[in-house]
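Engineer: Right, I'll just put the structure down here and ask away after.
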Amino acid sequence: MLRYAAGRVLAGIPTLLLVSIFIFSLAHVTPGDPAVLLAGDNATPAQVEEIRSRLHLDLPLWQQFGIWLGDALQFDLGNSIYSGKPVTELIAQRIEPTLVLSLVTLVLTVLIAVPLGAISAWKANSIVDRISMGVAVAGFSIPVFVIAYLLVYFFAVKMRLFPVQGYKWLADGWLTTLNSVTLPSIALAFVFSALIARVTRASVLDALGENYIRTARAKGLGPSRILFIHALKSVGVPVVTVIGIGLATLVGGVVVTESVFNIPGIGRLTVDAVTRRDYPVIQGVILFFSASLILINLLVDLSYAFIDPRIRE
Amino acid sequence: MTDTLRMQTGKTVLDVRNLNLTFGRGDNALHALDHVSLSVQQGEILSLVGESGCGKSATMMAILGLLPKRAATVRADAIRLGETDLAGASQRQLRRIRGNRIGMIFQDPMTSLNPVHTVGFQIGEAVREHRGASRAEARHQALRMLDLVRIPDPARRLDAYPHELSGGMRQRVMIAMALVCEPELLIADEPTTALDVTVQAQIMALVDELRVEMGMSVVLITHDLGVVAATADRVAVMYAGRIVEEGPVEQVFRRPSHGYTAGLMRSLPLDGQVHQGRLQEIPGSVPRLGEAAPNCAFAPRCVFAKPRCAAEVPLPTDLGGGHAARCFEHSAVFADLADNDIVRAWQ
């Protein structure tokens, strides 16, 4: 078990290194001299040179990468060109809304999609199955911002159940926070659920044909025990895998959703940085998203060992 | 045969009258079982013998209500477990019977256990379901059962996962699981087919010992007449969805009275002897399911067949001592087999 975990952690390191090289090159393949850009219109050549050497832009590329990587490892990702604030500080300020939004979406999705997929498999080809899979396809096909605006129109504007936009910080009470992320989470969960529900249905349908399900039936177990304790647990690996993949695709959805609902999270930070060509911030958020995905993959891998005893050895 | 140990009180544990089973509906309906009747007395081992697809397993699945409801139509004059009527029972009522009053073990222990739950959990489940036992009580029962099925170091095996056990061990776990609620009847569907030859004998011996210890009856589904001879009290030979011959094992082996039984006997090697020449196989192949045959379904393959066999359905002929065969030519069959090694060995 420990060896398996250690192996999974070590496997993440080369991936992160590769991502770092890509992010570092990002600033260097874009046209224009960053030193000139930073110095502004009225700078003297001496000022430009000063900036160049301060930012180590006069060194060979590999040395620059070494310095950048060393700084990144110490959580120094440089300063924003726009505000001058350290990038890590900007990210740290924006983590909470994104994290809350993602977690609420994840919980909502798992609670809806997994039972829905399992029940659809149990009642395969019935009305229940057809309706829920139809809704799943719809969720998959409709862009998240369309769903988001529909939700806002009905539940915020018409029924006034939830705020139209904005985010309430946890420090002001978690209930108001939850209230403020309900609509964006539902919008995201709608898209996210489709994939998970369909994969759960397919996996459970396969499992229901297995001999151990016949054994469970011969034992006189009821439908819910057979479905949830026997079939669903044994398909935990593919379901958790697709939840992990879903989380990765969720990143794109988070950027859009945060813009629609005006939530000051990492997604908004990304959009702002891109429109302002704030390279250090862009590099920072890409590194942040990449590291999160690697972390999610690691958690998914580790969860396999908890779900399936055959992987533990 | 350990007749002295048999607890035949004459009480009927399972009684099935005219069980019919069809898959599908209308013109495409396939007849899987045709007027299958059988009964199991307390303490006895009834063996159901026949080729793959003859309906041995389907009979038991139909009795237990384990066939898919949408595809299978089960009709029977009566299916009784003791005093309980199973023919008219709801799914919920049948569920209370399964794993509680009837235990079942299957052919392939490698895939019949859930790989993601410990064996202790899987054995204890039935006690929790049917007896409402607590987690601790179920665990205690599982431990007792592991010990009962002679698994060494049972306390340690309780938390083992199926993949950590050998095939023979897993079949022992299956037996423990089927018997944890002390059922009146154990249905063993080819329990040794997937196991090594040496392990096969151990498993059959275990089933027989537990039958005596727990005073239960056993329906043993097999295609192996050797297993029947070694363990069963009575045998029912099935062919193409019908029981073609039935009776006490000694009677059937002494006086085989159906062309199909005769074919099975000729293809059986005799223990401890070098067989002269090659074993005889039965020519032809098992008929496909379709309409219930309007004649003896075995007639096309039968060396004793007369024109009458291909024209009408033979009804069971009583041959005395609880022995009956659906065969017009039963006398010819027996006369032909009188010098068969196995038949002689039983006389």
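If you're wondering about the labels, chains in the structure tokens are A, B, ... by order shown, residues count from 1 in each chain, ligands from 1 in order shown.
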Could you pull the residues within 7 Å of segment 54-68 of chain B, counting only C-alpha atoms, minus those fewer than 6 positions along the same chain, as a PyMOL selection string?

Structural biologist: chain B and resi 32-33+48+74+94+98+189+221+238-241

Engineer: Set out as CSV a contact list for chain B and chain A with a cut-off of 9 Å, giving each residue of chain B that qualifies its closest atom pair and distance in Å to one decimal, counting only C-alpha atoms, ordered by chain and rising residue number.

Structural biologist:
```
residue,atom,partner,partner_atom,distance
B:Leu64,CA,A:Ala218,CA,7.9
B:Leu66,CA,A:Arg217,CA,7.3
B:Arg92,CA,A:Gly222,CA,8.3
B:Leu94,CA,A:Gly220,CA,7.8
B:Arg95,CA,A:Gly220,CA,4.4
B:Arg96,CA,A:Gly220,CA,6.1
B:Ile97,CA,A:Gly220,CA,7.0
B:Arg98,CA,A:Gly220,CA,4.6
B:Gly99,CA,A:Lys219,CA,3.9
B:Asn100,CA,A:Lys219,CA,7.3
B:Ile102,CA,A:Ala218,CA,8.6
B:Gly103,CA,A:Lys219,CA,7.2
B:Met104,CA,A:Ala218,CA,6.4
B:Ile105,CA,A:Thr215,CA,7.8
B:Phe106,CA,A:Thr215,CA,7.9
B:Asp108,CA,A:Asn211,CA,8.2
B:Thr111,CA,A:Asn211,CA,5.7
B:Ser112,CA,A:Tyr212,CA,4.2
B:Leu113,CA,A:Tyr212,CA,5.0
B:Asn114,CA,A:Tyr212,CA,5.2
B:Pro115,CA,A:Ser234,CA,7.2
B:Val116,CA,A:Asp308,CA,5.6
B:His117,CA,A:His230,CA,8.3
B:Gln122,CA,A:Ala216,CA,8.7
B:Glu125,CA,A:Lys219,CA,8.1
B:Ala126,CA,A:Lys219,CA,5.9
B:Glu129,CA,A:Leu221,CA,6.6
B:His130,CA,A:Gly220,CA,8.0
B:Tyr161,CA,A:Pro309,CA,7.2
B:His163,CA,A:Arg310,CA,7.1
B:Glu164,CA,A:Arg310,CA,8.7
B:Met174,CA,A:Thr215,CA,8.8
B:Met177,CA,A:Lys219,CA,8.0
B:Ala178,CA,A:Lys219,CA,7.2
```

Engineer: Using the selection just defined, write its residues with C-alpha atoms as a short mmCIF file (atom, residue, chain, number, x, y, z; two decimals), in the first residue's frame.

Structural biologist:
```
data_model
loop_
_atom_site.label_atom_id
_atom_site.label_comp_id
_atom_site.auth_asym_id
_atom_site.auth_seq_id
_atom_site.Cartn_x
_atom_site.Cartn_y
_atom_site.Cartn_z
CA LEU B 64 -35.85 -19.76 -6.65
CA LEU B 66 -33.85 -16.05 -10.07
CA ARG B 92 -40.34 -10.37 -1.72
CA LEU B 94 -39.00 -15.60 -2.46
CA ARG B 95 -36.24 -13.30 -1.26
CA ARG B 96 -36.93 -14.40 2.32
CA ILE B 97 -36.52 -18.01 1.18
CA ARG B 98 -33.31 -17.53 -0.78
CA GLY B 99 -30.17 -17.73 1.31
CA ASN B 100 -32.35 -18.47 4.32
CA ILE B 102 -32.57 -22.59 0.45
CA GLY B 103 -28.85 -22.05 0.04
CA MET B 104 -27.19 -22.14 -3.35
CA ILE B 105 -23.62 -22.64 -4.54
CA PHE B 106 -22.43 -22.22 -8.09
CA ASP B 108 -17.35 -21.00 -10.69
CA THR B 111 -16.20 -15.24 -10.17
CA SER B 112 -19.04 -16.00 -7.77
CA LEU B 113 -17.58 -13.97 -4.91
CA ASN B 114 -17.54 -10.18 -4.99
CA PRO B 115 -13.89 -9.13 -5.36
CA VAL B 116 -14.27 -5.89 -3.38
CA HIS B 117 -15.73 -7.28 -0.14
CA GLN B 122 -20.03 -11.73 2.34
CA GLU B 125 -24.56 -10.70 4.90
CA ALA B 126 -27.24 -13.40 4.79
CA GLU B 129 -30.49 -9.84 5.96
CA HIS B 130 -32.58 -12.75 7.22
CA TYR B 161 -10.47 -10.85 0.02
CA HIS B 163 -8.41 -12.99 -4.67
CA GLU B 164 -6.23 -13.99 -1.73
CA MET B 174 -19.32 -20.19 -1.05
CA MET B 177 -22.16 -18.43 2.66
CA ALA B 178 -24.94 -20.72 1.46
#
```

Engineer: Could you list, as a VMD selection string, every residue within 12 Å of segment 71-74 of chain A, counting only C-alpha atoms and ignoring same-chain residues fewer than 2 positions away?

Structural biologist: chain A and resid 16 to 17 20 to 21 23 to 24 64 to 69 76 to 79 86 to 88 280 283 to 284 287 to 288

Engineer: So that I can see what lies close to Leu90 of chain A, please list as a PyMOL selection string the residues with an atom at most 9 Å from it, counting only C-alpha atoms and leaving out residues fewer than 2 positions away in the same chain.

Structural biologist: chain A and resi 80+85-88+92-95+266+269+281

Engineer: Would you mind listing what lies within 12 Å of Leu295 of chain A as a list of chain:residue names, with only C-alpha atoms counted and same-chain residues fewer than 4 positions away left out?

Structural biologist: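 My list of contacting residues is A:Arg8, A:Val9, A:Leu10, A:Ala11, A:Gly12, A:Ile13, A:Thr15, A:Leu16, A:Gly244, A:Leu247, A:Ala248, A:Phe288, A:Phe289, A:Ser290, A:Ala291, A:Leu299, A:Val300, A:Asp301, A:Leu302.
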
Engineer: Take the residues from that selection and write them out as a PDB file, in the first residue's frame, keeping C-alpha atoms.

Structural biologist:
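Final output, saved to out.pdb:
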```pdb
ATOM      1  CA  ARG A   8       2.014   7.363  -7.470  1.00  0.00           C
ATOM      2  CA  VAL A   9       3.493  10.473  -5.790  1.00  0.00           C
ATOM      3  CA  LEU A  10       6.842  10.074  -7.564  1.00  0.00           C
ATOM      4  CA  ALA A  11       5.083   9.592 -10.906  1.00  0.00           C
ATOM      5  CA  GLY A  12       3.587  13.076 -10.516  1.00  0.00           C
ATOM      6  CA  ILE A  13       6.992  14.794 -10.426  1.00  0.00           C
ATOM      7  CA  THR A  15       4.582  15.529 -15.177  1.00  0.00           C
ATOM      8  CA  LEU A  16       4.883  18.683 -13.113  1.00  0.00           C
ATOM      9  CA  GLY A 244     -11.338  12.722 -11.867  1.00  0.00           C
ATOM     10  CA  LEU A 247     -12.893  17.533 -12.464  1.00  0.00           C
ATOM     11  CA  ALA A 248     -10.256  18.272 -15.088  1.00  0.00           C
ATOM     12  CA  PHE A 288      -1.822  26.295 -10.285  1.00  0.00           C
ATOM     13  CA  PHE A 289      -4.384  24.492 -12.461  1.00  0.00           C
ATOM     14  CA  SER A 290      -1.787  21.956 -13.595  1.00  0.00           C
ATOM     15  CA  ALA A 291      -0.671  21.237 -10.058  1.00  0.00           C
ATOM     16  CA  LEU A 299      -6.010  11.297  -5.189  1.00  0.00           C
ATOM     17  CA  VAL A 300      -7.861   9.246  -7.815  1.00  0.00           C
ATOM     18  CA  ASP A 301      -4.958   6.793  -8.019  1.00  0.00           C
ATOM     19  CA  LEU A 302      -4.776   6.490  -4.252  1.00  0.00           C
TER      20      LEU A 302
END
```

Engineer: For Ala5 of chain A, which residue among A:Val260, A:Ala27, A:Ala305, A:Ala136 is the nearest when counting only C-alpha atoms?

Structural biologist: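 Counting only C-alpha atoms, the residue closest to Ala5 of chain A is A:Ala305.
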
Engineer: Find the residue from A:Tyr4, A:Phe22, A:Trp122, A:Tyr153 that sits nearest to Leu227 of chain A; use only C-alpha atoms when measuring.

Structural biologist: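 Using only C-alpha atoms, Leu227 of chain A sits closest to A:Trp122.
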
Engineer: Would you mind listing what lies within 10 Å of segment 11-13 of chain B as a list in words, with only C-alpha atoms counted and same-chain residues fewer than 2 positions away left out?

Structural biologist: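 Skipping anything fewer than 2 positions along the chain leaves Met7, Gln8, Thr9, Asp15, Ser39, Val40, Gln41, Gln42, Gly43, Glu44, Arg80, Leu81, Gly82, Glu83, Thr84, Glu184, Leu185, Met216, Ser217 and Val218 of chain B.
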
Engineer: Write a file of the just-selected residues containing N, CA and C atoms, as a compact mmCIF listing (two decimals), in the first residue's frame.

Structural biologist:
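Saved to out23.txt:
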```txt
# COMPACT_ATOMS: atom_id res chain seq x y z
N MET B 7 -31.05 -39.54 7.18
CA MET B 7 -32.15 -39.28 8.09
C MET B 7 -33.44 -39.17 7.29
N GLN B 8 -33.79 -40.28 6.69
CA GLN B 8 -35.00 -40.23 5.87
C GLN B 8 -36.22 -40.46 6.73
N THR B 9 -36.82 -39.36 7.08
CA THR B 9 -38.01 -39.44 7.92
C THR B 9 -39.25 -39.47 7.04
N ASP B 15 -41.00 -30.15 -3.30
CA ASP B 15 -41.89 -30.90 -4.18
C ASP B 15 -42.28 -30.02 -5.35
N SER B 39 -39.07 -34.40 -6.46
CA SER B 39 -39.23 -34.15 -5.04
C SER B 39 -37.96 -34.57 -4.32
N VAL B 40 -37.71 -33.87 -3.22
CA VAL B 40 -36.51 -34.14 -2.43
C VAL B 40 -36.96 -34.42 -1.00
N GLN B 41 -36.53 -35.59 -0.48
CA GLN B 41 -36.90 -35.94 0.89
C GLN B 41 -35.87 -35.36 1.86
N GLN B 42 -36.29 -35.24 3.11
CA GLN B 42 -35.37 -34.69 4.09
C GLN B 42 -34.12 -35.56 4.22
N GLY B 43 -32.96 -34.91 4.20
CA GLY B 43 -31.69 -35.61 4.43
C GLY B 43 -31.11 -36.28 3.20
N GLU B 44 -31.81 -36.27 2.07
CA GLU B 44 -31.27 -37.00 0.92
C GLU B 44 -30.58 -36.07 -0.08
N ARG B 80 -43.46 -26.61 -3.80
CA ARG B 80 -43.60 -26.48 -2.35
C ARG B 80 -42.27 -26.74 -1.66
N LEU B 81 -41.92 -25.84 -0.74
CA LEU B 81 -40.77 -26.03 0.12
C LEU B 81 -41.34 -26.27 1.51
N GLY B 82 -41.32 -27.53 1.95
CA GLY B 82 -42.01 -27.86 3.19
C GLY B 82 -43.48 -27.52 3.04
N GLU B 83 -43.96 -26.63 3.89
CA GLU B 83 -45.37 -26.25 3.82
C GLU B 83 -45.56 -24.97 3.00
N THR B 84 -44.45 -24.37 2.57
CA THR B 84 -44.53 -23.07 1.89
C THR B 84 -44.72 -23.25 0.39
N GLU B 184 -32.86 -25.61 4.85
CA GLU B 184 -33.35 -26.98 4.77
C GLU B 184 -32.82 -27.66 3.52
N LEU B 185 -32.50 -26.82 2.51
CA LEU B 185 -32.12 -27.36 1.22
C LEU B 185 -30.91 -26.60 0.67
N MET B 216 -29.66 -31.44 6.43
CA MET B 216 -30.36 -30.79 5.31
C MET B 216 -30.41 -31.72 4.10
N SER B 217 -31.18 -31.29 3.09
CA SER B 217 -31.24 -32.03 1.84
C SER B 217 -30.40 -31.29 0.81
N VAL B 218 -29.98 -32.02 -0.23
CA VAL B 218 -29.13 -31.41 -1.25
C VAL B 218 -29.67 -31.76 -2.63
```

Engineer: For Ser303 of chain A, work out the shell of residues within 9 Å, counting only C-alpha atoms and skipping chain neighbours fewer than 5 positions away, then give it as a list in words.

Structural biologist: Val237, Val240, Leu298 and Asp308 of chain A

Engineer: Based on the selection just made, write all heavy atoms of those residues as a PDB file, in the first residue's frame.

Structural biologist:
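Done, and the output landed in again_33.pdb:
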```pdb
ATOM      1  N   VAL A 237     -13.804   1.852  -9.325  1.00  0.00           N
ATOM      2  CA  VAL A 237     -12.607   2.320 -10.029  1.00  0.00           C
ATOM      3  C   VAL A 237     -12.954   3.124 -11.295  1.00  0.00           C
ATOM      4  O   VAL A 237     -12.533   4.273 -11.421  1.00  0.00           O
ATOM      5  CB  VAL A 237     -11.643   1.156 -10.322  1.00  0.00           C
ATOM      6  CG1 VAL A 237     -10.573   1.562 -11.300  1.00  0.00           C
ATOM      7  CG2 VAL A 237     -11.013   0.675  -9.019  1.00  0.00           C
ATOM      8  N   VAL A 240     -14.763   6.471 -10.197  1.00  0.00           N
ATOM      9  CA  VAL A 240     -13.870   7.486  -9.622  1.00  0.00           C
ATOM     10  C   VAL A 240     -12.960   8.067 -10.705  1.00  0.00           C
ATOM     11  O   VAL A 240     -12.671   9.265 -10.719  1.00  0.00           O
ATOM     12  CB  VAL A 240     -13.058   6.899  -8.449  1.00  0.00           C
ATOM     13  CG1 VAL A 240     -11.940   7.831  -8.039  1.00  0.00           C
ATOM     14  CG2 VAL A 240     -13.964   6.627  -7.262  1.00  0.00           C
ATOM     15  N   LEU A 298      -3.573  12.154  -8.497  1.00  0.00           N
ATOM     16  CA  LEU A 298      -2.927  11.412  -7.419  1.00  0.00           C
ATOM     17  C   LEU A 298      -3.987  10.871  -6.460  1.00  0.00           C
ATOM     18  O   LEU A 298      -3.962   9.702  -6.071  1.00  0.00           O
ATOM     19  CB  LEU A 298      -1.951  12.334  -6.685  1.00  0.00           C
ATOM     20  CG  LEU A 298      -1.186  11.697  -5.531  1.00  0.00           C
ATOM     21  CD1 LEU A 298      -0.223  10.655  -6.052  1.00  0.00           C
ATOM     22  CD2 LEU A 298      -0.431  12.765  -4.745  1.00  0.00           C
ATOM     23  N   ASP A 308     -10.508  -0.986  -4.470  1.00  0.00           N
ATOM     24  CA  ASP A 308     -10.270  -2.341  -4.965  1.00  0.00           C
ATOM     25  C   ASP A 308      -9.071  -2.975  -4.279  1.00  0.00           C
ATOM     26  O   ASP A 308      -7.927  -2.585  -4.519  1.00  0.00           O
ATOM     27  CB  ASP A 308     -10.034  -2.296  -6.490  1.00  0.00           C
ATOM     28  CG  ASP A 308     -10.126  -3.692  -7.086  1.00  0.00           C
ATOM     29  OD1 ASP A 308      -9.819  -4.668  -6.366  1.00  0.00           O
ATOM     30  OD2 ASP A 308     -10.503  -3.800  -8.265  1.00  0.00           O
TER      31      ASP A 308
END
```

Engineer: Using only C-alpha atoms for the distances, tell me which of A:Ile127, A:Val137, A:Ile263, A:Ala39 is nearest to Tyr167 of chain A.

Structural biologist: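 Ranked by minimum distance to Tyr167 of chain A, first place goes to A:Ile263.
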
Engineer: I'd like to know which of B:Ala205, B:Val127, B:Leu319, B:Val237 is closest to Arg172 of chain B, using only C-alpha atoms.

Structural biologist: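 Ranked by minimum distance to Arg172 of chain B, first place goes to B:Ala205.
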
Engineer: Just how far from atom CA of Asp272 of chain A is atom CA of Leu103 of chain A, in Å to one decimal?

Structural biologist: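 Computed distance, atom CA of Leu103 of chain A to atom CA of Asp272 of chain A, equals 23.2 Å.
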
Engineer: Give the strand (DSSP E) residues of segment 107-193 of chain B, as assigned by DSSP on the backbone, as a count of residues only.

Structural biologist: 5
